[in-house]
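Structure, as C-alpha cells:
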Amino acid sequence: MSQALAAIAGCLSHPELSIAFTVKDATAINEEMLRSATANAKRKAEILCEASGVELGELLTIDYNWGELDIFSHTQYGLSDDCLYEAAPSMARSIDIEPDDIDVSDTATFVWEIK
C-alpha cells in the first residue's frame, strides 16, 4: 500500500485521494449490535417497570428500519497537497496508517405492555 500511495503522490496530475477502512464481516457486526440493543432495551424496560411499581408484560411490537448500515472508519489524514507531493519519493518507506475505531449505531423501538 505504501508503494501505491507513493506512486499516486508522485503523479504529475495531482490526483485526490480518499482512503476508508471497513470490517470483513459487516453482517456479524450488525447481528451482534441488534442482540445487544434488544437485551439493553429489555433490561431498561424492566428497571423502569420495577421503579414504577408495575410489571413488564408481553412484547407488542418492534419497529426497526432494515436498511443497510455503512460501516466505515472515519480515519482522516491531514497532509497538504504540497507536503504530499514533496514526500512522494520517501513515502514508500515511511508511511504509517492506523485507522480509527469504527463506530456503529442503529435505532430500534420496542413496545411492551404493562401489567
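In the C-alpha cells, the first chain shown is A, the next is B, and so on; residue numbers restart at 1 for each chain, and ligands run from 1 in the order shown.
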(request) Name the residues in contact with Leu56 of chain A at a cut-off of 12 Å, using only C-alpha atoms, excluding same-chain residues fewer than 3 positions from it; report them as a VMD selection string. (result) chain A and resid 42 to 53 59 to 60 111 to 115
(message) Applying 10 Å and only C-alpha atoms, which residues near Glu68 of chain A remain after dropping the ones on its own chain fewer than 2 positions away? List them as a PyMOL selection string.
(response) chain A and resi 26-27+30+65-66+70-71
Export C-alpha atoms of the chosen residues as a PDB file, in the first residue's frame?
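Result file is out-v9.pdb:
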```
ATOM      1  CA  ALA A  26     -20.422  -6.426   8.458  1.00  0.00           C
ATOM      2  CA  THR A  27     -23.291  -8.900   8.944  1.00  0.00           C
ATOM      3  CA  ASN A  30     -24.905  -5.836  12.683  1.00  0.00           C
ATOM      4  CA  ASN A  65     -35.519   0.101   9.785  1.00  0.00           C
ATOM      5  CA  TRP A  66     -33.958  -2.813   7.889  1.00  0.00           C
ATOM      6  CA  ASP A  70     -22.414   1.851   6.359  1.00  0.00           C
ATOM      7  CA  ILE A  71     -19.599   0.523   8.490  1.00  0.00           C
TER       8      ILE A  71
END
```
(request) For Thr107 of chain A, work out the shell of residues within 12 Å, counting only C-alpha atoms and skipping chain neighbours fewer than 6 positions away, then give it as number ranges by chain. (result) A: 30, 33-34, 36-38, 41, 62-67, 69
Grab the residues selected above and save them as an mmCIF file, in the first residue's frame with C-alpha atoms.
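Written out: selection39.cif:
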```cif
data_model
loop_
_atom_site.group_PDB
_atom_site.id
_atom_site.type_symbol
_atom_site.label_atom_id
_atom_site.label_comp_id
_atom_site.auth_asym_id
_atom_site.auth_seq_id
_atom_site.Cartn_x
_atom_site.Cartn_y
_atom_site.Cartn_z
ATOM 1 C CA ASN A 30 -24.905 -5.836 12.683
ATOM 2 C CA MET A 33 -25.430 -4.883 17.646
ATOM 3 C CA LEU A 34 -29.097 -5.971 17.312
ATOM 4 C CA SER A 36 -27.078 -6.127 22.333
ATOM 5 C CA ALA A 37 -29.733 -3.467 21.642
ATOM 6 C CA THR A 38 -32.527 -5.963 22.327
ATOM 7 C CA ALA A 41 -33.932 -2.352 25.775
ATOM 8 C CA ILE A 62 -40.537 -3.891 17.388
ATOM 9 C CA ASP A 63 -40.043 -1.003 14.981
ATOM 10 C CA TYR A 64 -36.773 -1.316 13.069
ATOM 11 C CA ASN A 65 -35.519 0.101 9.785
ATOM 12 C CA TRP A 66 -33.958 -2.813 7.889
ATOM 13 C CA GLY A 67 -31.725 -0.527 5.812
ATOM 14 C CA LEU A 69 -25.501 0.071 7.651
#
```
(request) Have a look at A:Asn40, A:Ala7, A:Ala20, A:Asp25 and name the one nearest to Asp101 of chain A; count only C-alpha atoms. (result)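 Among A:Asn40, A:Ala7, A:Ala20, A:Asp25, it is A:Ala20 that comes nearest to Asp101 of chain A.
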